[in-house]
Every structure is written in structure tokens, then in C-alpha cells.
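This is data.tsv (TSV, C-alpha atoms).
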```tsv
chain	number	residue	atom	x	y	z
A	902	MET	CA	12.52	48.76	4.74
A	903	LYS	CA	12.47	46.65	1.66
A	904	ARG	CA	13.71	43.68	3.65
A	905	HIS	CA	10.93	44.10	6.19
A	906	THR	CA	8.32	44.02	3.46
A	907	LEU	CA	9.84	40.85	2.06
A	908	ILE	CA	9.85	39.19	5.46
A	909	ALA	CA	6.24	40.22	6.01
A	910	ILE	CA	5.27	38.76	2.65
A	911	PHE	CA	7.14	35.56	3.43
A	912	ILE	CA	5.42	35.13	6.79
A	913	LEU	CA	2.01	35.84	5.29
A	914	ALA	CA	2.63	33.45	2.42
A	915	SER	CA	3.77	30.64	4.68
A	916	PHE	CA	0.75	31.23	6.89
A	917	PHE	CA	-1.65	30.86	3.97
A	918	GLY	CA	0.32	27.93	2.65
A	919	SER	CA	0.03	26.04	5.91
A	920	ALA	CA	-3.62	27.05	6.28
A	921	THR	CA	-4.52	25.39	2.98
A	922	ALA	CA	-2.42	22.36	3.91
A	923	PHE	CA	-4.43	22.05	7.12
A	924	ALA	CA	-7.67	22.31	5.17
A	925	ASP	CA	-6.57	19.48	2.86
A	926	ALA	CA	-5.45	17.33	5.74
A	927	ALA	CA	-8.74	17.94	7.54
A	928	SER	CA	-10.89	16.92	4.59
A	929	GLU	CA	-8.79	13.83	3.93
A	930	ALA	CA	-8.82	12.83	7.58
A	931	ALA	CA	-12.59	13.06	7.54
A	932	VAL	CA	-12.77	10.52	4.71
A	933	ALA	CA	-10.59	7.94	6.41
A	934	ALA	CA	-10.73	7.95	10.17
A	935	ASP	CA	-9.17	4.50	10.23
A	936	PRO	CA	-5.46	4.90	11.10
A	937	VAL	CA	-4.50	1.45	9.76
A	938	ALA	CA	-6.06	2.17	6.37
A	939	GLU	CA	-4.47	5.59	6.37
A	940	LYS	CA	-1.07	4.07	7.03
A	941	ARG	CA	-1.51	1.64	4.16
A	942	LEU	CA	-2.60	4.51	1.93
A	943	GLN	CA	0.53	6.43	2.91
A	944	GLY	CA	2.75	3.43	2.21
A	945	LEU	CA	1.18	2.75	-1.17
A	946	SER	CA	1.20	6.40	-2.17
A	947	GLU	CA	4.92	6.58	-1.53
A	948	GLU	CA	5.53	3.78	-4.01
A	949	LEU	CA	3.51	5.36	-6.80
A	950	ARG	CA	4.55	8.15	-9.10
A	951	CYS	CA	2.34	11.10	-9.85
A	952	LEU	CA	2.22	11.35	-13.63
A	953	VAL	CA	1.55	15.06	-13.68
A	954	CYS	CA	4.56	16.15	-11.63
A	955	GLN	CA	6.69	13.23	-12.59
A	956	ASN	CA	9.33	13.39	-9.90
A	957	GLN	CA	6.93	13.30	-7.01
A	958	THR	CA	5.07	10.42	-5.45
A	959	ILE	CA	1.33	10.42	-5.11
A	960	ALA	CA	1.90	10.96	-1.40
A	961	ASP	CA	3.94	14.12	-1.96
A	962	SER	CA	2.03	15.61	-4.84
A	963	ASN	CA	-0.93	17.86	-4.46
A	964	ALA	CA	-1.82	17.68	-8.13
A	965	GLU	CA	-5.44	16.92	-8.95
A	966	LEU	CA	-4.58	13.54	-10.38
A	967	ALA	CA	-2.63	12.57	-7.27
A	968	GLN	CA	-5.62	13.49	-5.13
A	969	ASP	CA	-7.90	11.44	-7.37
A	970	LEU	CA	-5.56	8.48	-7.21
A	971	ARG	CA	-5.34	8.71	-3.42
A	972	ARG	CA	-9.13	8.69	-3.40
A	973	GLU	CA	-9.14	5.57	-5.58
A	974	ILE	CA	-6.60	3.83	-3.34
A	975	ARG	CA	-8.63	4.74	-0.29
A	976	GLY	CA	-11.72	3.27	-1.93
A	977	MET	CA	-9.89	0.07	-2.80
A	978	ILE	CA	-8.51	-0.29	0.73
A	979	LYS	CA	-12.05	0.10	2.02
A	980	ASP	CA	-13.14	-2.62	-0.41
A	981	GLY	CA	-10.56	-4.94	1.12
A	982	LYS	CA	-8.21	-5.07	-1.86
A	983	SER	CA	-4.66	-6.26	-1.24
A	984	ASP	CA	-1.65	-4.02	-1.83
A	985	LYS	CA	-0.75	-6.05	-4.90
A	986	GLU	CA	-4.22	-5.64	-6.36
A	987	ILE	CA	-4.03	-1.89	-5.84
A	988	VAL	CA	-0.59	-1.60	-7.42
A	989	ASP	CA	-1.72	-3.79	-10.33
A	990	PHE	CA	-4.71	-1.48	-10.82
A	991	MET	CA	-2.33	1.46	-11.22
A	992	VAL	CA	0.11	-0.40	-13.47
A	993	ALA	CA	-2.72	-1.57	-15.74
A	994	ARG	CA	-3.66	2.07	-16.33
A	995	TYR	CA	-0.42	4.02	-16.22
A	996	GLY	CA	2.22	1.38	-16.93
A	997	ASP	CA	5.41	0.53	-15.04
A	998	PHE	CA	6.27	4.23	-15.05
A	999	VAL	CA	3.84	4.70	-12.19
A	1000	LEU	CA	6.06	2.57	-9.96
A	1001	TYR	CA	8.81	4.44	-8.21
A	1002	ARG	CA	10.75	1.17	-8.08
A	1003	PRO	CA	10.48	-0.27	-11.57
A	1004	PRO	CA	10.23	-4.07	-11.70
A	1005	LEU	CA	13.21	-6.12	-12.85
A	1006	LYS	CA	12.41	-7.41	-16.31
A	1007	GLY	CA	13.87	-7.54	-19.82
A	1008	ILE	CA	13.30	-3.91	-20.68
A	1009	THR	CA	14.55	-2.57	-17.34
A	1010	LEU	CA	17.61	-4.81	-17.19
A	1011	LEU	CA	19.93	-2.03	-18.31
A	1012	LEU	CA	18.42	0.29	-15.73
A	1013	TRP	CA	19.09	-2.09	-12.86
A	1014	GLY	CA	22.23	-3.77	-14.16
A	1015	GLY	CA	23.78	-0.73	-15.82
A	1016	PRO	CA	25.35	0.87	-12.74
A	1017	ILE	CA	26.71	-2.45	-11.48
A	1018	GLY	CA	28.01	-3.26	-14.95
A	1019	LEU	CA	29.71	0.11	-15.19
A	1020	MET	CA	31.30	-0.36	-11.79
A	1021	LEU	CA	32.58	-3.83	-12.69
A	1022	PHE	CA	33.94	-2.44	-15.93
A	1023	GLY	CA	35.66	0.37	-14.01
A	1024	LEU	CA	37.19	-2.07	-11.54
A	1025	PHE	CA	38.37	-4.25	-14.39
A	1026	ALA	CA	39.95	-1.30	-16.18
A	1027	LEU	CA	41.59	-0.12	-12.95
A	1028	GLN	CA	43.02	-3.56	-12.24
A	1029	ARG	CA	44.35	-3.82	-15.77
A	1030	TYR	CA	45.92	-0.40	-15.53
A	1031	LEU	CA	47.55	-1.14	-12.16
A	1032	ARG	CA	48.91	-4.45	-13.38
A	1033	ARG	CA	50.41	-2.90	-16.50
A	1034	ARG	CA	51.88	-0.09	-14.46
A	1035	ALA	CA	53.43	-2.57	-12.04
A	1036	THR	CA	55.06	-4.59	-14.84
A	1037	ARG	CA	56.33	-1.40	-16.46
A	1038	ILE	CA	57.85	-0.20	-13.19
A	1039	ASN	CA	59.35	-3.64	-12.52
A	1040	ALA	CA	60.90	-3.64	-15.96
A	1041	GLU	CA	62.45	-0.24	-15.41
A	1042	ASP	CA	63.50	-1.05	-11.89
A	1043	HIS	CA	66.80	-2.81	-12.53
A	1044	PRO	CA	69.50	-2.92	-9.78
A	1045	LEU	CA	72.25	-0.27	-9.80
A	1046	SER	CA	75.41	-1.09	-11.65
A	1047	ALA	CA	78.75	-1.10	-9.77
A	1048	ASP	CA	79.60	2.32	-11.21
A	1049	GLU	CA	76.23	3.82	-10.19
A	1050	SER	CA	76.35	2.41	-6.68
A	1051	SER	CA	79.85	3.80	-6.03
A	1052	ARG	CA	78.57	7.24	-7.23
A	1053	ALA	CA	75.58	6.96	-4.95
A	1054	ASP	CA	77.83	6.05	-2.00
A	1055	ALA	CA	80.03	9.05	-2.75
A	1056	LEU	CA	77.01	11.36	-2.80
A	1057	LEU	CA	75.69	9.98	0.47
A	1058	LYS	CA	79.03	10.41	2.11
A	1059	GLU	CA	79.15	14.02	0.94
A	1060	ILE	CA	75.78	14.67	2.62
A	1061	ASP	CA	76.91	13.01	5.86
A	1062	GLN	CA	79.99	15.20	6.04
A	1063	LYS	CA	77.96	18.43	5.79
B	539	MET	CA	47.83	7.29	-29.10
B	540	ASN	CA	45.57	4.31	-29.60
B	541	ARG	CA	44.18	4.48	-26.09
B	542	TYR	CA	43.09	8.10	-26.58
B	543	TYR	CA	40.90	7.04	-29.48
B	544	TRP	CA	39.40	4.54	-27.14
B	545	VAL	CA	38.58	7.20	-24.53
B	546	LEU	CA	37.26	9.49	-27.25
B	547	GLY	CA	35.02	6.68	-28.51
B	548	ALA	CA	33.63	6.06	-25.02
B	549	PHE	CA	32.99	9.77	-24.60
B	550	ALA	CA	31.23	9.99	-27.98
B	551	ALA	CA	29.04	7.03	-26.99
B	552	LEU	CA	28.12	8.77	-23.75
B	553	VAL	CA	27.27	11.99	-25.60
B	554	ALA	CA	25.11	10.04	-28.05
B	555	LEU	CA	23.29	8.32	-25.19
B	556	LEU	CA	22.62	11.62	-23.42
B	557	ALA	CA	21.53	13.27	-26.67
B	558	ILE	CA	18.95	10.55	-27.23
B	559	GLY	CA	17.81	10.82	-23.63
B	560	LEU	CA	17.43	14.59	-23.76
B	561	ASN	CA	15.44	14.44	-26.98
B	562	LEU	CA	12.89	12.03	-25.57
B	563	ASN	CA	9.73	13.61	-24.30
B	564	PRO	CA	9.34	12.67	-20.63
B	565	ARG	CA	5.60	13.36	-20.91
B	566	ASP	CA	5.29	10.65	-23.51
B	567	VAL	CA	4.67	7.77	-21.15
B	568	PRO	CA	3.86	4.64	-23.12
B	569	SER	CA	0.35	3.52	-22.32
B	570	PRO	CA	-0.07	-0.08	-21.20
B	571	LEU	CA	-3.56	0.05	-22.70
B	572	ILE	CA	-2.36	-0.19	-26.29
B	573	GLY	CA	-3.52	-3.48	-27.73
B	574	LYS	CA	-5.98	-3.91	-24.88
B	575	PRO	CA	-9.75	-3.54	-25.02
B	576	ALA	CA	-10.97	-0.01	-24.39
B	577	PRO	CA	-12.11	0.13	-20.74
B	578	ALA	CA	-15.88	0.00	-20.45
B	579	PHE	CA	-17.88	3.03	-19.36
B	580	ASN	CA	-21.43	4.15	-19.46
B	581	LEU	CA	-21.65	7.91	-19.36
B	582	ASN	CA	-24.32	10.49	-20.05
B	583	VAL	CA	-24.28	12.03	-23.50
B	584	LEU	CA	-23.87	15.79	-23.47
B	585	ALA	CA	-26.49	16.61	-26.10
B	586	THR	CA	-29.01	14.09	-24.81
B	587	PRO	CA	-28.34	13.68	-21.07
B	588	GLU	CA	-31.03	11.01	-20.68
B	589	GLN	CA	-28.98	8.73	-22.95
B	590	THR	CA	-25.71	6.98	-22.16
B	591	LEU	CA	-22.91	5.73	-24.34
B	592	GLY	CA	-20.05	3.29	-23.90
B	593	PRO	CA	-17.33	1.68	-26.01
B	594	LYS	CA	-19.58	-1.32	-26.71
B	595	ASP	CA	-21.93	0.98	-28.63
B	596	MET	CA	-19.05	1.80	-30.96
B	597	LEU	CA	-18.12	-1.79	-31.81
B	598	GLY	CA	-17.70	-2.32	-35.53
B	599	LYS	CA	-16.42	1.21	-36.04
B	600	VAL	CA	-12.98	2.74	-35.94
B	601	TRP	CA	-13.32	5.77	-33.71
B	602	LEU	CA	-11.44	8.43	-31.79
B	603	LEU	CA	-11.90	9.22	-28.15
B	604	ASN	CA	-10.67	12.71	-27.33
B	605	VAL	CA	-10.38	13.79	-23.71
B	606	TRP	CA	-11.02	17.50	-23.25
B	607	SER	CA	-12.31	20.11	-20.89
B	608	SER	CA	-13.24	23.76	-21.09
B	609	TRP	CA	-10.61	24.70	-18.47
B	610	CYS	CA	-7.87	22.93	-20.41
B	611	VAL	CA	-5.74	25.49	-22.20
B	612	SER	CA	-4.01	23.04	-24.55
B	613	CYS	CA	-7.41	21.77	-25.64
B	614	ARG	CA	-8.10	25.20	-27.06
B	615	ALA	CA	-4.88	24.98	-29.06
B	616	GLU	CA	-5.84	21.55	-30.31
B	617	HIS	CA	-9.41	22.46	-31.14
B	618	PRO	CA	-8.94	23.87	-34.67
B	619	VAL	CA	-7.13	20.65	-35.62
B	620	LEU	CA	-10.10	18.61	-34.44
B	621	VAL	CA	-12.53	20.86	-36.32
B	622	GLU	CA	-10.45	20.37	-39.44
B	623	PHE	CA	-10.34	16.62	-38.80
B	624	SER	CA	-14.12	16.39	-38.46
B	625	LYS	CA	-14.50	18.05	-41.86
B	626	ARG	CA	-11.93	15.86	-43.58
B	627	ALA	CA	-12.41	12.42	-42.08
B	628	ASN	CA	-15.47	10.31	-41.90
B	629	VAL	CA	-14.51	8.81	-38.55
B	630	PRO	CA	-16.59	9.21	-35.38
B	631	LEU	CA	-14.93	11.55	-32.91
B	632	VAL	CA	-16.25	11.02	-29.41
B	633	GLY	CA	-15.41	13.67	-26.85
B	634	LEU	CA	-14.81	12.61	-23.27
B	635	ASN	CA	-15.36	15.70	-21.21
B	636	TYR	CA	-13.08	15.23	-18.23
B	637	LYS	CA	-13.85	16.75	-14.80
B	638	GLU	CA	-15.46	19.81	-16.30
B	639	VAL	CA	-16.26	21.47	-12.97
B	640	ARG	CA	-14.05	19.88	-10.31
B	641	GLY	CA	-10.99	19.99	-12.54
B	642	ASP	CA	-11.24	23.73	-12.94
B	643	GLY	CA	-9.93	24.69	-9.54
B	644	ASP	CA	-12.16	27.75	-9.35
B	645	PHE	CA	-14.83	25.97	-7.40
B	646	ASP	CA	-14.98	24.84	-3.81
B	647	MET	CA	-16.14	21.29	-4.40
B	648	SER	CA	-16.83	20.62	-0.72
B	649	LYS	CA	-19.67	23.15	-0.96
B	650	MET	CA	-21.16	21.97	-4.24
B	651	PRO	CA	-23.83	19.26	-4.28
B	652	ALA	CA	-23.49	16.58	-6.98
B	653	ASN	CA	-26.58	17.58	-8.93
B	654	GLU	CA	-25.42	21.17	-9.10
B	655	GLU	CA	-21.99	20.07	-10.34
B	656	LYS	CA	-23.64	17.97	-13.02
B	657	LYS	CA	-25.84	20.80	-14.17
B	658	LEU	CA	-22.94	23.22	-14.28
B	659	ALA	CA	-20.74	20.72	-16.15
B	660	PHE	CA	-23.29	20.24	-18.92
B	661	GLN	CA	-23.86	23.95	-19.14
B	662	ARG	CA	-20.16	24.82	-19.34
B	663	ALA	CA	-19.35	22.08	-21.86
B	664	ASN	CA	-22.22	23.13	-24.12
B	665	GLN	CA	-21.23	26.75	-23.92
B	666	TRP	CA	-17.63	25.97	-24.83
B	667	LEU	CA	-18.68	24.00	-27.88
B	668	VAL	CA	-21.01	26.78	-29.02
B	669	GLN	CA	-18.21	29.26	-28.60
B	670	HIS	CA	-15.41	27.31	-30.29
B	671	GLY	CA	-17.30	25.04	-32.70
B	672	ASN	CA	-18.22	21.42	-32.23
B	673	PRO	CA	-16.11	18.85	-34.06
B	674	TYR	CA	-17.46	15.94	-32.01
B	675	THR	CA	-19.88	13.31	-33.22
B	676	LEU	CA	-21.02	13.31	-29.63
B	677	ASN	CA	-19.69	13.94	-26.15
B	678	VAL	CA	-19.89	12.00	-22.92
B	679	MET	CA	-19.48	13.52	-19.49
B	680	ASP	CA	-16.91	12.11	-17.07
B	681	ILE	CA	-17.82	14.42	-14.23
B	682	ASP	CA	-15.79	12.82	-11.44
B	683	GLY	CA	-12.87	11.69	-13.63
B	684	ARG	CA	-13.18	7.99	-12.83
B	685	VAL	CA	-13.33	6.95	-16.47
B	686	GLY	CA	-10.28	9.12	-17.00
B	687	ILE	CA	-8.42	7.00	-14.44
B	688	ASP	CA	-9.51	3.80	-16.22
B	689	TYR	CA	-8.02	5.18	-19.41
B	690	GLY	CA	-4.85	6.31	-17.67
B	691	VAL	CA	-5.52	9.97	-18.42
B	692	TYR	CA	-2.90	12.19	-16.81
B	693	GLY	CA	-2.69	15.22	-19.03
B	694	VAL	CA	-5.63	16.60	-20.95
B	695	PRO	CA	-5.98	16.63	-23.93
B	696	GLU	CA	-5.44	12.98	-24.75
B	697	THR	CA	-6.67	11.03	-27.74
B	698	TYR	CA	-7.24	7.32	-28.21
B	699	ILE	CA	-7.77	5.49	-31.47
B	700	ILE	CA	-9.97	2.47	-31.04
B	701	ASP	CA	-10.47	-0.15	-33.73
B	702	LYS	CA	-13.53	-2.06	-34.89
B	703	ALA	CA	-12.98	-4.77	-32.29
B	704	GLY	CA	-12.89	-2.20	-29.50
B	705	THR	CA	-9.11	-2.41	-29.01
B	706	ILE	CA	-7.06	0.68	-28.26
B	707	ARG	CA	-4.53	1.04	-31.07
B	708	MET	CA	-2.91	4.36	-30.28
B	709	LYS	CA	-2.76	6.95	-27.56
B	710	HIS	CA	-1.68	10.51	-28.09
B	711	THR	CA	-0.94	12.63	-25.04
B	712	GLY	CA	-1.14	16.39	-25.38
B	713	PRO	CA	-2.59	18.48	-28.16
B	714	ILE	CA	-2.68	16.96	-31.64
B	715	SER	CA	-0.67	19.04	-34.07
B	716	PRO	CA	-1.52	19.15	-37.78
B	717	GLU	CA	1.60	16.99	-38.36
B	718	ASP	CA	0.46	14.41	-35.81
B	719	LEU	CA	-2.83	14.29	-37.63
B	720	SER	CA	-1.46	13.89	-41.14
B	721	LYS	CA	1.55	11.72	-40.32
B	722	LYS	CA	0.33	9.49	-37.50
B	723	ILE	CA	-3.39	9.55	-37.04
B	724	MET	CA	-4.76	9.64	-40.59
B	725	PRO	CA	-2.52	6.79	-41.87
B	726	LEU	CA	-3.49	4.61	-38.91
B	727	LEU	CA	-7.19	5.33	-39.42
B	728	ALA	CA	-6.89	4.49	-43.11
B	729	GLU	CA	-5.17	1.22	-42.27
B	730	LEU	CA	-7.70	0.26	-39.60
B	731	ASN	CA	-10.59	1.10	-41.91
B	732	LYS	CA	-9.30	-1.09	-44.72
```

Is it possible to express this structure as C-alpha cells?
Amino acid sequence: MKRHTLIAIFILASFFGSATAFADAASEAAVAADPVAEKRLQGLSEELRCLVCQNQTIADSNAELAQDLRREIRGMIKDGKSDKEIVDFMVARYGDFVLYRPPLKGITLLLWGGPIGLMLFGLFALQRYLRRRATRINAEDHPLSADESSRADALLKEIDQK
Amino acid sequence: MNRYYWVLGAFAALVALLAIGLNLNPRDVPSPLIGKPAPAFNLNVLATPEQTLGPKDMLGKVWLLNVWSSWCVSCRAEHPVLVEFSKRANVPLVGLNYKEVRGDGDFDMSKMPANEEKKLAFQRANQWLVQHGNPYTLNVMDIDGRVGIDYGVYGVPETYIIDKAGTIRMKHTGPISPEDLSKKIMPLLAELNK
């Protein structure tokens, strides 16, 4: 019984959820009927971070600010601004943080180079370790003495006879 | 034994790095506008709607621009600090009322004509100030939030300190606490007013 209620609630909720999504899509489609512009808007929105819900792009986020910024981008596309001009507009206001792919410059060097640096360091450490291990094993790996080899032969013979 | 110290050292460094990272406030996004001229605007003044005001009218003064709205819950928390500030400091505090009506979420904006939104925004902002006290020298109305975008507003309340030359010197995101006021804002204002 309880499960049925839950399922009913879930279905209802998803219905209302999709209904509002349709309403949003409809109003936005009305503003830009131009599919080329809409595609550019989509592309740009996916490169820009929504500052309210910081781990979403402007394309994904339904926050007020993201909607406003999509509106601004749409306006700028209509005004014939280039992608670079639009991105620069955002960076001038919200900083590099607004870019999902931060630019490579002094302050972000660690961000971009860090993982590669760590990997190189790891490879270096691994190589060093393997080399040391090999020399250690080589050093320990001396040939059997005459006494040892005759004992080994005796043992092997014993096994063969069994 | 020596090599274990080495591993321990690397681990301690990692812990220190993570500790610093976790103690940073991810909401505190550095504003690229610091050191840049305050973006121009020309907005209607709340008390005298027939008049407009912009940053150029404030040239020659050190002033604060505080972004607020009646629907903003943190603004209510910040408000007593601003009231206290207005009593203590002789520095103009300009309120930028941000998306008073359309930011609320209680209204269907597709059904509201612009003039009605404007009327309602003025009415709501005035009412809020009557109710909670008015620390502002004056308020301007950013009804559609475009000026907010020019200032890189992403979380109300936000406060900007602008110097005599019209340059933004500091941005504070989120409510101003009494400590922020006494430790960060007041010293900077004193320095700029020297």
C-alpha cells in the first residue's frame, strides 16, 4: 500500500516536473526561433559556469541567474557579437571562474600542469624503485656454490625417484 | 626508516593542501572588477522615481553600493549591520534594489506588463524599508537585473566599495557581518577617505 502511494507520488511529481520543463522550453523557443542562433547559445552556455549552482553550466542550470545570462547571450547573438566577444563579456563580469575550461596562464599553471607533473613524478619514482630493486636482486643473485649445487641435484633426484 | 619520513612528509603536505582547500569559501569568487571603474548605470531613484542616479554622480566621494532585495533572506540578516553602519559612518550607502519583483519567484512574469512590474517593485521596496528601517542614503531600482549582470552580481546581498575616482576597491559577497564591517570595511573606508 505504502509502496503504491510512493509510486503514485513519483509519477505525479515527474509529470509536473516535465510540465514545467516544457513551459520553460516553450517560452525560450518563442524568443529565439532561429535554430542557428539557438545552437550557438547552447554551445556557449555549455562553456560557461553558473555562479549560483557552481557545478552546473549555464545550459544545465535553471537558476534565475543562468536564465538571465542565457537571455544576455541570446541578445548578444542577435546583435551579431562573436563567440569571443560574448565570452569576454562574461569573463569581464564574473572572472575566469565563469569558464568551465579555465585559460592556461600563470595562476592556473598548477591546475593544468599539476596532474601531469604528479604523473611524471610517479613514473620517475617507480623507475627509481624498479632500478634499485633490480640491482638489489642482482647483488643477491650469486651462482650456487659447488656444495649447494650437489645438494640441489640430490634433492631433485629424490623427487624424480618418487 | 628514512624513506618512511619521506612518505609521511608527502602525506602531511597533502593533508595541509586539502585543509587549505576545504577552508576556502567556494562562494568567494574573486571579482575581476576590483581596480576597474564601476560599470555605468542610470537607474530610477526609489524615493524620487522621476530622478535617476549613476556612478558618475558619486564621483569625488567614497561610497558603498549594496545590492539587496525584499525577497532576499540573507539581506534581512545583514540589515541591522547596515543600519548600524549608517549611524556610525559618514559614508554614502547606495542601495541597488535587484530584481525586486521578477527575482521573487512568486510571480508569473509572462503575465505581468512592465509598468505593473515597475509599480509593484517600487511599492514592495518602499514597504520593506518602512518595515525594517532605511539605512540607505538612497536606492536605485534595477528591475530587470541588467545592472546586476554588469556588476557580476550572483548572490544577493553583495556590497561594493567605490573610491573617489569611481574605481571599485572591494567586493563583499553575502551578508556583511559585524566583524566584516569593523575589520575589513571600516579600515578600507578610512584609508580611502584620507

- Query: atom CA of Leu560 of chain B to atom CA of Gly547 of chain B: how many Å, to one decimal?
  - Reply: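 Distance between the two atoms: 19.9 Å.
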
Using only C-alpha atoms, select each residue of chain B with any atom at most 7 Å away from an atom of chain A, and give the selection as a PDB file with C-alpha atoms, keeping the file's coordinate frame.
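The result, stored in result-v9.pdb:
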```pdb
ATOM      1  CA  SER B 569       0.350   3.520 -22.320  1.00  0.00           C
ATOM      2  CA  PRO B 570      -0.070  -0.080 -21.200  1.00  0.00           C
ATOM      3  CA  LEU B 571      -3.560   0.050 -22.700  1.00  0.00           C
ATOM      4  CA  ASP B 688      -9.510   3.800 -16.220  1.00  0.00           C
ATOM      5  CA  TYR B 689      -8.020   5.180 -19.410  1.00  0.00           C
ATOM      6  CA  GLY B 690      -4.850   6.310 -17.670  1.00  0.00           C
ATOM      7  CA  TYR B 692      -2.900  12.190 -16.810  1.00  0.00           C
ATOM      8  CA  GLY B 693      -2.690  15.220 -19.030  1.00  0.00           C
TER       9      GLY B 693
END
```

- Item | B:Met708, B:Ala728, B:Val678, B:Leu555 ranked by distance to Ala585 of chain B, top pick (using all atoms listed in the file) |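 Of all the options, B:Val678 lies closest to Ala585 of chain B.
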
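Taking atom CA of Thr586 of chain B and atom CA of Asn677 of chain B as endpoints, the distance between them is 9.4 Å.
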
- Task: Just give me the gap between atom CA of Val694 of chain B and atom CA of Lys985 of chain A in Å, one decimal is fine.
- Result: 28.2 Å

- Neighbours of Gly633 of chain B within 8 Å (only C-alpha atoms; same-chain residues fewer than 3 positions away dropped), as a list in words?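 With the cut-off at 8 Å, the set is Leu603, Asn604, Val605, Trp606, Tyr674, Thr675, Leu676, Asn677 and Val678 of chain B.
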
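Residues lying within 8 Å of segment 654-658 of chain B, counting all atoms listed in the file and ignoring same-chain neighbours fewer than 6 positions away, are Val639, Arg640 and Ile681 of chain B.
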
- Top pick for closest residue to Val988 of chain A, considering A:Ile1017, A:Glu947, A:Lys1006, A:Phe1025 and counting all atoms listed in the file: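 Looking at the shortest contact to Val988 of chain A, the residue is A:Glu947.
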
- For Arg684 of chain B, which residue among B:Ala627, B:Val567, B:Val668, B:Leu581 is the nearest when counting all atoms listed in the file?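 Closest to Arg684 of chain B, using all atoms listed in the file: B:Leu581.
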
- Query: Contacts of His670 of chain B at 10 Å or less, counting all atoms listed in the file, minus same-chain residues fewer than 6 places along, as a PyMOL selection string?
  - Reply: chain B and resi 614+617-618+621

Could you work out an axis-aligned box for segment 631-646 of chain B, taking every atom the file lists and adding 4 Å on each side, and report centre and edge lengths in Å to one decimal, as lines of an AutoDock Vina configuration file?
```
center_x = -13.1
center_y = 19.4
center_z = -18.4
size_x = 14.3
size_y = 24.7
size_z = 37.1
```

- Task: Determine, counting all atoms listed in the file, which protein, DNA and RNA residues have an atom within 10 Å of an atom of Ser715 of chain B; residues of the same chain fewer than 4 positions away are not included. Present the result as a list of chain:residue names.
- Result: B:Ala615, B:Glu616, B:His617, B:Pro618, B:Val619, B:Leu620, B:Leu719, B:Ser720, B:Lys721

- Exercise: Ala576 of chain B partners within 7 Å, all atoms listed in the file, chain neighbours under 5 positions left out, as a count of residues only: 4

How about completing segment 709-727 of chain B with N, CA and C atoms and giving it to me as an mmCIF file, keeping the file's coordinate frame?
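Done, and the output landed in out26.cif:
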```
data_model
loop_
_atom_site.group_PDB
_atom_site.id
_atom_site.type_symbol
_atom_site.label_atom_id
_atom_site.label_comp_id
_atom_site.auth_asym_id
_atom_site.auth_seq_id
_atom_site.Cartn_x
_atom_site.Cartn_y
_atom_site.Cartn_z
ATOM 1 N N LYS B 709 -2.415 5.888 -28.508
ATOM 2 C CA LYS B 709 -2.760 6.950 -27.560
ATOM 3 C C LYS B 709 -1.862 8.130 -27.851
ATOM 4 N N HIS B 710 -2.462 9.293 -27.913
ATOM 5 C CA HIS B 710 -1.680 10.510 -28.090
ATOM 6 C C HIS B 710 -1.909 11.400 -26.884
ATOM 7 N N THR B 711 -0.823 11.751 -26.200
ATOM 8 C CA THR B 711 -0.940 12.630 -25.040
ATOM 9 C C THR B 711 -0.583 14.044 -25.451
ATOM 10 N N GLY B 712 -1.381 14.991 -25.023
ATOM 11 C CA GLY B 712 -1.140 16.390 -25.380
ATOM 12 C C GLY B 712 -1.875 16.752 -26.645
ATOM 13 N N PRO B 713 -1.835 18.042 -26.993
ATOM 14 C CA PRO B 713 -2.590 18.480 -28.160
ATOM 15 C C PRO B 713 -2.091 17.831 -29.448
ATOM 16 N N ILE B 714 -3.023 17.517 -30.327
ATOM 17 C CA ILE B 714 -2.680 16.960 -31.640
ATOM 18 C C ILE B 714 -2.270 18.110 -32.541
ATOM 19 N N SER B 715 -1.092 18.009 -33.120
ATOM 20 C CA SER B 715 -0.670 19.040 -34.070
ATOM 21 C C SER B 715 -1.114 18.614 -35.461
ATOM 22 N N PRO B 716 -1.156 19.545 -36.417
ATOM 23 C CA PRO B 716 -1.520 19.150 -37.780
ATOM 24 C C PRO B 716 -0.611 18.039 -38.316
ATOM 25 N N GLU B 717 0.679 18.056 -37.907
ATOM 26 C CA GLU B 717 1.600 16.990 -38.360
ATOM 27 C C GLU B 717 1.219 15.644 -37.760
ATOM 28 N N ASP B 718 0.893 15.656 -36.445
ATOM 29 C CA ASP B 718 0.460 14.410 -35.810
ATOM 30 C C ASP B 718 -0.718 13.829 -36.578
ATOM 31 N N LEU B 719 -1.613 14.728 -36.948
ATOM 32 C CA LEU B 719 -2.830 14.290 -37.630
ATOM 33 C C LEU B 719 -2.494 13.664 -38.978
ATOM 34 N N SER B 720 -1.692 14.382 -39.772
ATOM 35 C CA SER B 720 -1.460 13.890 -41.140
ATOM 36 C C SER B 720 -0.466 12.741 -41.171
ATOM 37 N N LYS B 721 0.508 12.744 -40.234
ATOM 38 C CA LYS B 721 1.550 11.720 -40.320
ATOM 39 C C LYS B 721 1.261 10.480 -39.490
ATOM 40 N N LYS B 722 0.546 10.647 -38.376
ATOM 41 C CA LYS B 722 0.330 9.490 -37.500
ATOM 42 C C LYS B 722 -1.107 9.017 -37.514
ATOM 43 N N ILE B 723 -2.011 9.953 -37.295
ATOM 44 C CA ILE B 723 -3.390 9.550 -37.040
ATOM 45 C C ILE B 723 -4.113 9.131 -38.325
ATOM 46 N N MET B 724 -4.041 9.967 -39.355
ATOM 47 C CA MET B 724 -4.760 9.640 -40.590
ATOM 48 C C MET B 724 -4.291 8.317 -41.209
ATOM 49 N N PRO B 725 -2.954 8.090 -41.298
ATOM 50 C CA PRO B 725 -2.520 6.790 -41.870
ATOM 51 C C PRO B 725 -3.040 5.593 -41.074
ATOM 52 N N LEU B 726 -3.020 5.729 -39.733
ATOM 53 C CA LEU B 726 -3.490 4.610 -38.910
ATOM 54 C C LEU B 726 -4.978 4.377 -39.119
ATOM 55 N N LEU B 727 -5.738 5.465 -39.209
ATOM 56 C CA LEU B 727 -7.190 5.330 -39.420
ATOM 57 C C LEU B 727 -7.465 4.662 -40.760
#
```
